[in-house]
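Asker: Sharing a structure here in structure tokens format.
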Amino acid sequence: MPEVDRADQVFAALSDPTRRDILRAVGGRGEATATELAAGLPVTRQAVAKHLQVLADAGLVDAERHGREQRYRLTPAPLDDALRWLVDAGAAWDVRLERLRRKVARPT
Amino acid sequence: MEPVTVTRSVRLDADARRVWDALADDDGLSGWLADRVELDIQPGAAGRLLDHDGAARRVVVTEVAEGTRLGFAWWSDDAPDAASSVVITIAGEGDTTTVTVTETVDRSLLAAVGGAGGSGAHLTEAAVADLLGLGDAWAERFGRLAGALRPAHVLAGA
């Protein structure tokens, strides 16, 4: 998949607040099934399973079959160049704009 | 040309005049854009930026609209072919001012950026936390806390 398409897919996956909650929950638990995640969230197991599929398609989680259920965990997937640039450049501007904020706040 | 764009905004407790002065007066860019900035704020002016970690960049001013807008192109000494363009806009609203930065790079140049000392970054939990932070801020865009730094939104391939 081209890098920008994958970056789009990752950001699209993360643009949904429920999916961000699910991703946080997966990260917090280490690994989890859709049933376990649904117990802690105000959504159905079916909805959680659909969201997990979007996160898996974006490469953010992967699944391993355990009996009748899939267990999900965060993926140590390589960040593509575009995604890495977006994260790095964004973080650098956060630092610069914080310095600007402090400079503006200083009494002249 | 397939641009990749990152955008950040900050809302500051100061009027636009004061923000422009802090941002772009004689030594204005020094101390916030980089540790040391040798650059005239004039269209076409070329200069140099040095950061505390020793990273050096070349910069060329592309546009100046006194008080409202500053544009430049810059590139790292390590990756002279991978220039990105930056536009900074200043919008005052009474006693508060929103500064918005947009940096754009062509996708085809990113391999060069990544190749300059890039070590296959992985989607670690820290990176996920970072991405989630951006995701939250996406929804919030211009945060209500005056003066608080808010990543505004991130667009890929915009």
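By order in the structure tokens, chains are A, B, ...; within a chain, residues start at 1; ligands start at 1, following the order shown.
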Skipping near chain neighbours, those fewer than 5 positions away, what residues fall within 6 Å of region 57-62 of chain A using only C-alpha atoms, listed as a ChimeraX atom specification?

Answerer: /A:9-10,72-75

Asker: Would you put the residues from that selection into a file with all heavy atoms, as a short mmCIF file (atom, residue, chain, number, x, y, z; two decimals), in the first residue's frame?

Answerer:
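So selection27.cif came out as:
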```cif
data_model
loop_
_atom_site.label_atom_id
_atom_site.label_comp_id
_atom_site.auth_asym_id
_atom_site.auth_seq_id
_atom_site.Cartn_x
_atom_site.Cartn_y
_atom_site.Cartn_z
N GLN A 9 -5.29 5.85 6.07
CA GLN A 9 -6.06 4.78 6.70
C GLN A 9 -5.88 4.81 8.23
O GLN A 9 -6.83 4.65 8.98
CB GLN A 9 -5.60 3.43 6.14
CG GLN A 9 -6.62 2.35 6.35
CD GLN A 9 -6.22 1.06 5.65
OE1 GLN A 9 -5.09 0.92 5.17
NE2 GLN A 9 -7.13 0.11 5.59
N VAL A 10 -4.62 5.05 8.66
CA VAL A 10 -4.35 5.14 10.09
C VAL A 10 -5.10 6.32 10.70
O VAL A 10 -5.77 6.19 11.73
CB VAL A 10 -2.84 5.25 10.37
CG1 VAL A 10 -2.58 5.60 11.83
CG2 VAL A 10 -2.14 3.95 10.00
N TYR A 72 -6.93 -9.59 20.46
CA TYR A 72 -6.27 -8.47 19.77
C TYR A 72 -5.18 -7.87 20.64
O TYR A 72 -5.29 -7.82 21.86
CB TYR A 72 -7.29 -7.38 19.42
CG TYR A 72 -8.26 -7.81 18.35
CD1 TYR A 72 -9.42 -8.51 18.68
CD2 TYR A 72 -8.00 -7.53 17.02
CE1 TYR A 72 -10.30 -8.91 17.70
CE2 TYR A 72 -8.88 -7.93 16.03
CZ TYR A 72 -10.03 -8.62 16.37
OH TYR A 72 -10.91 -9.02 15.40
N ARG A 73 -4.12 -7.40 19.99
CA ARG A 73 -3.08 -6.65 20.70
C ARG A 73 -2.56 -5.54 19.79
O ARG A 73 -2.79 -5.58 18.58
CB ARG A 73 -1.94 -7.57 21.12
CG ARG A 73 -1.12 -8.10 19.96
CD ARG A 73 -0.08 -9.08 20.40
NE ARG A 73 -0.73 -10.29 20.89
CZ ARG A 73 -0.06 -11.33 21.40
NH1 ARG A 73 1.24 -11.29 21.52
NH2 ARG A 73 -0.72 -12.42 21.78
N LEU A 74 -1.87 -4.55 20.38
CA LEU A 74 -1.29 -3.48 19.57
C LEU A 74 -0.20 -4.07 18.68
O LEU A 74 0.53 -4.97 19.09
CB LEU A 74 -0.65 -2.39 20.45
CG LEU A 74 -1.58 -1.60 21.37
CD1 LEU A 74 -0.77 -0.53 22.10
CD2 LEU A 74 -2.69 -0.94 20.57
N THR A 75 -0.09 -3.54 17.47
CA THR A 75 0.88 -4.04 16.50
C THR A 75 2.17 -3.24 16.56
O THR A 75 2.12 -2.01 16.55
CB THR A 75 0.32 -3.85 15.07
OG1 THR A 75 -1.01 -4.30 15.05
CG2 THR A 75 1.15 -4.61 14.07
#
```

Asker: I need the residues in chain A that are strand (DSSP E) according to DSSP; give them as a list in words.

Answerer: Glu31, Ala32, Thr33, Val61, Asp62, Ala63, Glu64, Arg65, His66, Glu69, Gln70, Arg71, Tyr72, Arg73 and Leu74 of chain A

Asker: Could those selected residues go to a file with N, CA and C atoms, as a PDB file, in the first residue's frame?

Answerer:
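File produced: again_12.pdb:
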```pdb
ATOM      1  N   GLU A  31      -3.733  -7.426  25.819  1.00  0.00           N
ATOM      2  CA  GLU A  31      -4.499  -8.071  24.750  1.00  0.00           C
ATOM      3  C   GLU A  31      -5.908  -8.299  25.251  1.00  0.00           C
ATOM      4  N   ALA A  32      -6.842  -8.375  24.306  1.00  0.00           N
ATOM      5  CA  ALA A  32      -8.244  -8.471  24.706  1.00  0.00           C
ATOM      6  C   ALA A  32      -9.082  -9.019  23.565  1.00  0.00           C
ATOM      7  N   THR A  33     -10.211  -9.604  23.916  1.00  0.00           N
ATOM      8  CA  THR A  33     -11.195 -10.038  22.917  1.00  0.00           C
ATOM      9  C   THR A  33     -12.273  -8.961  22.782  1.00  0.00           C
ATOM     10  N   VAL A  61      -3.704  -2.864  15.153  1.00  0.00           N
ATOM     11  CA  VAL A  61      -3.799  -4.044  16.038  1.00  0.00           C
ATOM     12  C   VAL A  61      -3.675  -5.286  15.155  1.00  0.00           C
ATOM     13  N   ASP A  62      -3.289  -6.394  15.757  1.00  0.00           N
ATOM     14  CA  ASP A  62      -3.442  -7.653  15.042  1.00  0.00           C
ATOM     15  C   ASP A  62      -4.110  -8.682  15.951  1.00  0.00           C
ATOM     16  N   ALA A  63      -4.588  -9.746  15.322  1.00  0.00           N
ATOM     17  CA  ALA A  63      -5.437 -10.699  16.028  1.00  0.00           C
ATOM     18  C   ALA A  63      -4.826 -12.093  15.978  1.00  0.00           C
ATOM     19  N   GLU A  64      -5.085 -12.837  17.056  1.00  0.00           N
ATOM     20  CA  GLU A  64      -4.674 -14.232  17.088  1.00  0.00           C
ATOM     21  C   GLU A  64      -5.877 -15.024  17.574  1.00  0.00           C
ATOM     22  N   ARG A  65      -6.170 -16.134  16.892  1.00  0.00           N
ATOM     23  CA  ARG A  65      -7.361 -16.894  17.253  1.00  0.00           C
ATOM     24  C   ARG A  65      -7.090 -17.733  18.493  1.00  0.00           C
ATOM     25  N   HIS A  66      -7.976 -17.603  19.492  1.00  0.00           N
ATOM     26  CA  HIS A  66      -7.922 -18.432  20.700  1.00  0.00           C
ATOM     27  C   HIS A  66      -9.265 -19.094  20.841  1.00  0.00           C
ATOM     28  N   GLU A  69     -12.672 -17.247  19.850  1.00  0.00           N
ATOM     29  CA  GLU A  69     -12.556 -15.789  19.772  1.00  0.00           C
ATOM     30  C   GLU A  69     -11.166 -15.347  19.332  1.00  0.00           C
ATOM     31  N   GLN A  70     -11.138 -14.147  18.722  1.00  0.00           N
ATOM     32  CA  GLN A  70      -9.867 -13.528  18.359  1.00  0.00           C
ATOM     33  C   GLN A  70      -9.385 -12.690  19.539  1.00  0.00           C
ATOM     34  N   ARG A  71      -8.102 -12.802  19.847  1.00  0.00           N
ATOM     35  CA  ARG A  71      -7.513 -11.900  20.850  1.00  0.00           C
ATOM     36  C   ARG A  71      -6.707 -10.843  20.088  1.00  0.00           C
ATOM     37  N   TYR A  72      -6.935  -9.586  20.464  1.00  0.00           N
ATOM     38  CA  TYR A  72      -6.271  -8.469  19.770  1.00  0.00           C
ATOM     39  C   TYR A  72      -5.185  -7.868  20.644  1.00  0.00           C
ATOM     40  N   ARG A  73      -4.125  -7.398  19.991  1.00  0.00           N
ATOM     41  CA  ARG A  73      -3.077  -6.646  20.703  1.00  0.00           C
ATOM     42  C   ARG A  73      -2.565  -5.535  19.790  1.00  0.00           C
ATOM     43  N   LEU A  74      -1.869  -4.552  20.381  1.00  0.00           N
ATOM     44  CA  LEU A  74      -1.285  -3.481  19.573  1.00  0.00           C
ATOM     45  C   LEU A  74      -0.204  -4.072  18.679  1.00  0.00           C
TER      46      LEU A  74
END
```

Asker: Which value, in Å to one decimal, gives the distance between CA of His51 (chain A) and CA of Leu86 (chain A)?

Answerer: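 According to the coordinates, CA of His51 (chain A) and CA of Leu86 (chain A) are separated by 23.7 Å.
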
Asker: If we count only C-alpha atoms, what is near region 88-94 of chain B at a cut-off of 8 Å, once residues fewer than 4 positions away on the same chain are taken out, given as a list in words?

Answerer: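 Residues meeting the cut-off are Asp15, Ala16, Val19, Trp20, Gly67, Thr68, Arg69, Leu70, Gly71, Thr98, Val99, Thr100, Val101 and Thr102 of chain B.
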
Asker: Which residue is closest to Ala105 (chain A)? Choose from B:Gly54, B:Trp74, B:Thr96, B:Arg8 and count only C-alpha atoms.

Answerer: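 Smallest separation from Ala105 (chain A) among the options: B:Thr96.
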
Asker: Find the residues near His52 (chain B): any atom within 12 Å, counting only C-alpha atoms, skip ones fewer than 4 places away on the same chain, and give them as number ranges by chain.

Answerer: B: 30-37, 56

Asker: When you count only C-alpha atoms, which of these residues is closest to chain A: B:Asp40, B:Asp95, B:Glu103, B:Glu63?

Answerer: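 Nearest to chain A: B:Glu103.
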
Asker: Could you state the separation of CA of Gly47 (chain B) and CA of Val60 (chain B) in Å, given to one decimal place?

Answerer: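 According to the coordinates, CA of Gly47 (chain B) and CA of Val60 (chain B) are separated by 6.4 Å.
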
Asker: Might you pull out every residue within 8 Å of Phe72 (chain B), with only C-alpha atoms counted and same-chain residues fewer than 6 positions away left off, and present them as a PDB file with N, CA, C and O atoms, in the first residue's frame?

Answerer:
```pdb
ATOM      1  N   VAL B  59      17.026  28.195   5.139  1.00  0.00           N
ATOM      2  CA  VAL B  59      15.662  28.702   5.020  1.00  0.00           C
ATOM      3  C   VAL B  59      15.638  29.853   4.015  1.00  0.00           C
ATOM      4  O   VAL B  59      16.585  30.638   3.925  1.00  0.00           O
ATOM      5  N   VAL B  60      14.577  29.918   3.226  1.00  0.00           N
ATOM      6  CA  VAL B  60      14.348  31.019   2.287  1.00  0.00           C
ATOM      7  C   VAL B  60      12.936  31.546   2.524  1.00  0.00           C
ATOM      8  O   VAL B  60      11.972  30.773   2.516  1.00  0.00           O
ATOM      9  N   VAL B  61      12.833  32.854   2.738  1.00  0.00           N
ATOM     10  CA  VAL B  61      11.523  33.467   2.979  1.00  0.00           C
ATOM     11  C   VAL B  61      10.762  33.552   1.659  1.00  0.00           C
ATOM     12  O   VAL B  61      11.296  34.040   0.657  1.00  0.00           O
ATOM     13  N   THR B  62       9.533  33.064   1.640  1.00  0.00           N
ATOM     14  CA  THR B  62       8.745  33.065   0.409  1.00  0.00           C
ATOM     15  C   THR B  62       7.668  34.148   0.401  1.00  0.00           C
ATOM     16  O   THR B  62       7.272  34.626  -0.645  1.00  0.00           O
ATOM     17  N   GLU B  63       7.165  34.508   1.563  1.00  0.00           N
ATOM     18  CA  GLU B  63       6.160  35.573   1.595  1.00  0.00           C
ATOM     19  C   GLU B  63       6.108  36.216   2.975  1.00  0.00           C
ATOM     20  O   GLU B  63       6.321  35.552   3.993  1.00  0.00           O
ATOM     21  N   SER B  85       7.627  23.357   2.816  1.00  0.00           N
ATOM     22  CA  SER B  85       7.222  24.753   2.882  1.00  0.00           C
ATOM     23  C   SER B  85       6.324  24.964   4.085  1.00  0.00           C
ATOM     24  O   SER B  85       5.540  24.085   4.459  1.00  0.00           O
ATOM     25  N   VAL B  86       6.502  26.132   4.689  1.00  0.00           N
ATOM     26  CA  VAL B  86       5.792  26.453   5.930  1.00  0.00           C
ATOM     27  C   VAL B  86       5.052  27.772   5.739  1.00  0.00           C
ATOM     28  O   VAL B  86       5.613  28.719   5.165  1.00  0.00           O
ATOM     29  N   VAL B  87       3.810  27.821   6.167  1.00  0.00           N
ATOM     30  CA  VAL B  87       3.066  29.085   6.207  1.00  0.00           C
ATOM     31  C   VAL B  87       2.559  29.278   7.630  1.00  0.00           C
ATOM     32  O   VAL B  87       1.953  28.374   8.212  1.00  0.00           O
TER      33      VAL B  87
END
```

Asker: Figure out the distance between CA of Thr5 (chain B) and CA of Ser15 (chain A), please, to one decimal in Å.

Answerer: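 Separating CA of Ser15 (chain A) from CA of Thr5 (chain B) is a distance of 16.4 Å.
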
Asker: Taking the DSSP secondary structure from the backbone, can you list the residues of region 5-107 of chain A that are alpha helix (DSSP H), as a compact mmCIF listing (two decimals) with N, CA, C and O atoms, in the first residue's frame?

Answerer:
```txt
# COMPACT_ATOMS: atom_id res chain seq x y z
N ASP A 5 -1.56 6.49 1.46
CA ASP A 5 -2.81 5.76 1.64
C ASP A 5 -2.86 5.12 3.02
O ASP A 5 -3.88 5.12 3.69
N ARG A 6 -1.71 4.56 3.45
CA ARG A 6 -1.69 3.92 4.76
C ARG A 6 -1.82 4.97 5.86
O ARG A 6 -2.52 4.76 6.85
N ALA A 7 -1.13 6.12 5.67
CA ALA A 7 -1.26 7.20 6.66
C ALA A 7 -2.72 7.64 6.73
O ALA A 7 -3.27 7.83 7.81
N ASP A 8 -3.37 7.77 5.55
CA ASP A 8 -4.79 8.14 5.53
C ASP A 8 -5.62 7.12 6.30
O ASP A 8 -6.51 7.47 7.06
N GLN A 9 -5.29 5.85 6.07
CA GLN A 9 -6.06 4.78 6.70
C GLN A 9 -5.88 4.81 8.23
O GLN A 9 -6.83 4.65 8.98
N VAL A 10 -4.62 5.05 8.66
CA VAL A 10 -4.35 5.14 10.09
C VAL A 10 -5.10 6.32 10.70
O VAL A 10 -5.77 6.19 11.73
N PHE A 11 -5.01 7.48 10.04
CA PHE A 11 -5.68 8.65 10.61
C PHE A 11 -7.19 8.52 10.55
O PHE A 11 -7.89 8.95 11.46
N ALA A 12 -7.69 7.87 9.49
CA ALA A 12 -9.14 7.64 9.42
C ALA A 12 -9.56 6.71 10.55
O ALA A 12 -10.59 6.94 11.21
N ALA A 13 -8.74 5.68 10.80
CA ALA A 13 -9.07 4.74 11.88
C ALA A 13 -9.09 5.47 13.22
O ALA A 13 -9.92 5.19 14.08
N LEU A 14 -8.18 6.42 13.39
CA LEU A 14 -8.07 7.12 14.67
C LEU A 14 -9.03 8.31 14.79
O LEU A 14 -9.11 8.93 15.85
N PRO A 17 -13.91 8.48 17.77
CA PRO A 17 -13.63 8.44 19.21
C PRO A 17 -13.81 7.06 19.83
O PRO A 17 -13.07 6.69 20.75
N THR A 18 -14.80 6.30 19.36
CA THR A 18 -15.00 4.95 19.91
C THR A 18 -13.80 4.07 19.58
O THR A 18 -13.32 3.30 20.42
N ARG A 19 -13.29 4.21 18.36
CA ARG A 19 -12.12 3.39 18.00
C ARG A 19 -10.89 3.79 18.83
O ARG A 19 -10.08 2.94 19.19
N ARG A 20 -10.78 5.09 19.14
CA ARG A 20 -9.66 5.51 20.00
C ARG A 20 -9.81 4.90 21.39
O ARG A 20 -8.83 4.44 21.98
N ASP A 21 -11.06 4.87 21.90
CA ASP A 21 -11.29 4.24 23.21
C ASP A 21 -10.91 2.76 23.16
O ASP A 21 -10.29 2.23 24.09
N ILE A 22 -11.31 2.10 22.07
CA ILE A 22 -11.02 0.67 21.95
C ILE A 22 -9.51 0.44 21.87
O ILE A 22 -8.96 -0.45 22.52
N LEU A 23 -8.83 1.29 21.09
CA LEU A 23 -7.38 1.12 20.95
C LEU A 23 -6.68 1.34 22.29
O LEU A 23 -5.76 0.61 22.67
N ARG A 24 -7.15 2.36 23.04
CA ARG A 24 -6.59 2.60 24.37
C ARG A 24 -6.83 1.39 25.28
O ARG A 24 -5.95 0.99 26.05
N ALA A 25 -8.04 0.84 25.18
CA ALA A 25 -8.38 -0.31 26.03
C ALA A 25 -7.51 -1.51 25.68
O ALA A 25 -7.03 -2.22 26.57
N VAL A 26 -7.28 -1.73 24.39
CA VAL A 26 -6.41 -2.83 23.98
C VAL A 26 -5.01 -2.60 24.53
O VAL A 26 -4.38 -3.51 25.10
N GLY A 27 -4.51 -1.37 24.40
CA GLY A 27 -3.17 -1.04 24.91
C GLY A 27 -3.10 -1.23 26.42
O GLY A 27 -2.12 -1.75 26.95
N GLY A 28 -4.16 -0.83 27.11
CA GLY A 28 -4.18 -0.93 28.57
C GLY A 28 -4.21 -2.36 29.07
O GLY A 28 -3.62 -2.69 30.10
N ARG A 29 -4.90 -3.23 28.30
CA ARG A 29 -5.04 -4.62 28.74
C ARG A 29 -3.91 -5.50 28.23
O ARG A 29 -3.77 -6.65 28.68
N ALA A 34 -13.05 -9.06 21.71
CA ALA A 34 -14.14 -8.11 21.49
C ALA A 34 -15.13 -8.17 22.66
O ALA A 34 -15.65 -7.13 23.09
N THR A 35 -15.38 -9.38 23.17
CA THR A 35 -16.32 -9.53 24.29
C THR A 35 -15.82 -8.79 25.52
O THR A 35 -16.58 -8.06 26.17
N GLU A 36 -14.53 -8.97 25.84
CA GLU A 36 -13.96 -8.30 27.01
C GLU A 36 -14.02 -6.77 26.84
O GLU A 36 -14.35 -6.04 27.79
N LEU A 37 -13.71 -6.30 25.65
CA LEU A 37 -13.70 -4.85 25.41
C LEU A 37 -15.11 -4.28 25.49
O LEU A 37 -15.31 -3.19 26.04
N ALA A 38 -16.10 -5.03 24.95
CA ALA A 38 -17.48 -4.54 24.95
C ALA A 38 -18.01 -4.39 26.38
O ALA A 38 -18.82 -3.52 26.66
N ALA A 39 -17.52 -5.24 27.30
CA ALA A 39 -17.97 -5.17 28.69
C ALA A 39 -17.64 -3.83 29.33
O ALA A 39 -18.36 -3.37 30.20
N ARG A 45 -20.88 -5.90 21.40
CA ARG A 45 -19.75 -6.71 20.99
C ARG A 45 -19.58 -6.66 19.47
O ARG A 45 -18.46 -6.59 18.97
N GLN A 46 -20.71 -6.68 18.74
CA GLN A 46 -20.64 -6.64 17.28
C GLN A 46 -20.00 -5.34 16.80
O GLN A 46 -19.20 -5.33 15.87
N ALA A 47 -20.38 -4.23 17.45
CA ALA A 47 -19.81 -2.93 17.06
C ALA A 47 -18.31 -2.91 17.36
O ALA A 47 -17.50 -2.43 16.56
N VAL A 48 -17.94 -3.44 18.53
CA VAL A 48 -16.52 -3.49 18.89
C VAL A 48 -15.75 -4.32 17.86
O VAL A 48 -14.66 -3.93 17.41
N ALA A 49 -16.34 -5.46 17.46
CA ALA A 49 -15.66 -6.33 16.49
C ALA A 49 -15.44 -5.60 15.17
O ALA A 49 -14.38 -5.71 14.55
N LYS A 50 -16.43 -4.81 14.74
CA LYS A 50 -16.28 -4.04 13.49
C LYS A 50 -15.17 -3.00 13.62
O LYS A 50 -14.35 -2.83 12.72
N HIS A 51 -15.16 -2.30 14.76
CA HIS A 51 -14.11 -1.30 14.98
C HIS A 51 -12.73 -1.96 15.01
O HIS A 51 -11.76 -1.42 14.47
N LEU A 52 -12.65 -3.13 15.65
CA LEU A 52 -11.36 -3.83 15.70
C LEU A 52 -10.88 -4.20 14.30
O LEU A 52 -9.68 -4.15 14.01
N GLN A 53 -11.84 -4.54 13.42
CA GLN A 53 -11.45 -4.88 12.05
C GLN A 53 -10.86 -3.66 11.33
O GLN A 53 -9.88 -3.78 10.60
N VAL A 54 -11.46 -2.47 11.55
CA VAL A 54 -10.92 -1.25 10.94
C VAL A 54 -9.51 -0.98 11.47
O VAL A 54 -8.59 -0.64 10.73
N LEU A 55 -9.34 -1.14 12.80
CA LEU A 55 -8.02 -0.92 13.40
C LEU A 55 -7.01 -1.94 12.86
O LEU A 55 -5.84 -1.60 12.63
N ALA A 56 -7.47 -3.17 12.65
CA ALA A 56 -6.57 -4.21 12.12
C ALA A 56 -6.20 -3.90 10.68
O ALA A 56 -5.04 -4.05 10.28
N ASP A 57 -7.19 -3.44 9.88
CA ASP A 57 -6.91 -3.09 8.48
C ASP A 57 -5.90 -1.96 8.38
O ASP A 57 -5.13 -1.88 7.43
N ASP A 81 7.03 6.25 6.00
CA ASP A 81 7.73 7.55 5.97
C ASP A 81 6.78 8.72 6.17
O ASP A 81 7.09 9.66 6.90
N ALA A 82 5.61 8.67 5.50
CA ALA A 82 4.69 9.81 5.60
C ALA A 82 4.16 9.95 7.02
O ALA A 82 4.11 11.04 7.58
N LEU A 83 3.78 8.81 7.60
CA LEU A 83 3.23 8.84 8.95
C LEU A 83 4.29 9.31 9.95
O LEU A 83 4.02 10.11 10.84
N ARG A 84 5.51 8.81 9.75
CA ARG A 84 6.59 9.22 10.65
C ARG A 84 6.86 10.71 10.53
O ARG A 84 7.07 11.41 11.52
N TRP A 85 6.84 11.22 9.29
CA TRP A 85 7.08 12.65 9.10
C TRP A 85 5.97 13.45 9.77
O TRP A 85 6.22 14.45 10.44
N LEU A 86 4.71 13.01 9.61
CA LEU A 86 3.58 13.71 10.23
C LEU A 86 3.74 13.78 11.74
O LEU A 86 3.53 14.82 12.35
N VAL A 87 4.14 12.66 12.34
CA VAL A 87 4.28 12.63 13.79
C VAL A 87 5.47 13.49 14.22
O VAL A 87 5.37 14.31 15.14
N ASP A 88 6.60 13.33 13.52
CA ASP A 88 7.81 14.09 13.89
C ASP A 88 7.63 15.59 13.67
O ASP A 88 7.97 16.41 14.53
N ALA A 89 7.13 15.96 12.49
CA ALA A 89 6.97 17.39 12.18
C ALA A 89 5.95 18.02 13.12
O ALA A 89 6.14 19.14 13.60
N GLY A 90 4.88 17.28 13.42
CA GLY A 90 3.86 17.81 14.33
C GLY A 90 4.42 18.02 15.73
O GLY A 90 4.19 19.06 16.36
N ALA A 91 5.22 17.05 16.20
CA ALA A 91 5.81 17.17 17.53
C ALA A 91 6.78 18.35 17.58
O ALA A 91 6.84 19.09 18.57
N ALA A 92 7.54 18.55 16.50
CA ALA A 92 8.50 19.67 16.47
C ALA A 92 7.75 21.01 16.52
O ALA A 92 8.19 21.93 17.23
N TRP A 93 6.61 21.11 15.83
CA TRP A 93 5.84 22.36 15.89
C TRP A 93 5.22 22.56 17.27
O TRP A 93 5.09 23.69 17.73
N ASP A 94 4.81 21.48 17.92
CA ASP A 94 4.30 21.61 19.29
C ASP A 94 5.35 22.28 20.18
O ASP A 94 5.05 23.16 20.97
N VAL A 95 6.60 21.83 20.04
CA VAL A 95 7.69 22.39 20.84
C VAL A 95 7.92 23.86 20.48
O VAL A 95 8.02 24.73 21.35
N ARG A 96 7.98 24.15 19.17
CA ARG A 96 8.24 25.54 18.75
C ARG A 96 7.13 26.48 19.19
O ARG A 96 7.39 27.59 19.67
N LEU A 97 5.87 26.04 19.03
CA LEU A 97 4.75 26.92 19.39
C LEU A 97 4.66 27.11 20.90
O LEU A 97 4.24 28.16 21.37
N GLU A 98 5.08 26.11 21.67
CA GLU A 98 5.12 26.28 23.11
C GLU A 98 6.19 27.32 23.48
O GLU A 98 5.98 28.16 24.36
N ARG A 99 7.33 27.31 22.76
CA ARG A 99 8.36 28.34 22.99
C ARG A 99 7.83 29.72 22.62
O ARG A 99 8.09 30.70 23.31
N LEU A 100 7.05 29.79 21.52
CA LEU A 100 6.47 31.08 21.13
C LEU A 100 5.49 31.57 22.20
O LEU A 100 5.47 32.74 22.55
N ARG A 101 4.68 30.63 22.72
CA ARG A 101 3.72 31.00 23.75
C ARG A 101 4.42 31.60 24.96
O ARG A 101 4.01 32.61 25.51
N ARG A 102 5.53 30.95 25.35
CA ARG A 102 6.28 31.47 26.51
C ARG A 102 6.89 32.83 26.20
O ARG A 102 6.92 33.71 27.04
N LYS A 103 7.36 32.99 24.98
CA LYS A 103 7.97 34.26 24.60
C LYS A 103 6.94 35.38 24.62
O LYS A 103 7.21 36.48 25.12
N VAL A 104 5.75 35.12 24.11
CA VAL A 104 4.69 36.13 24.10
C VAL A 104 4.26 36.47 25.53
O VAL A 104 3.94 37.62 25.84
N ALA A 105 4.27 35.47 26.41
CA ALA A 105 3.81 35.68 27.78
C ALA A 105 4.81 36.47 28.62
O ALA A 105 4.45 37.04 29.63
```
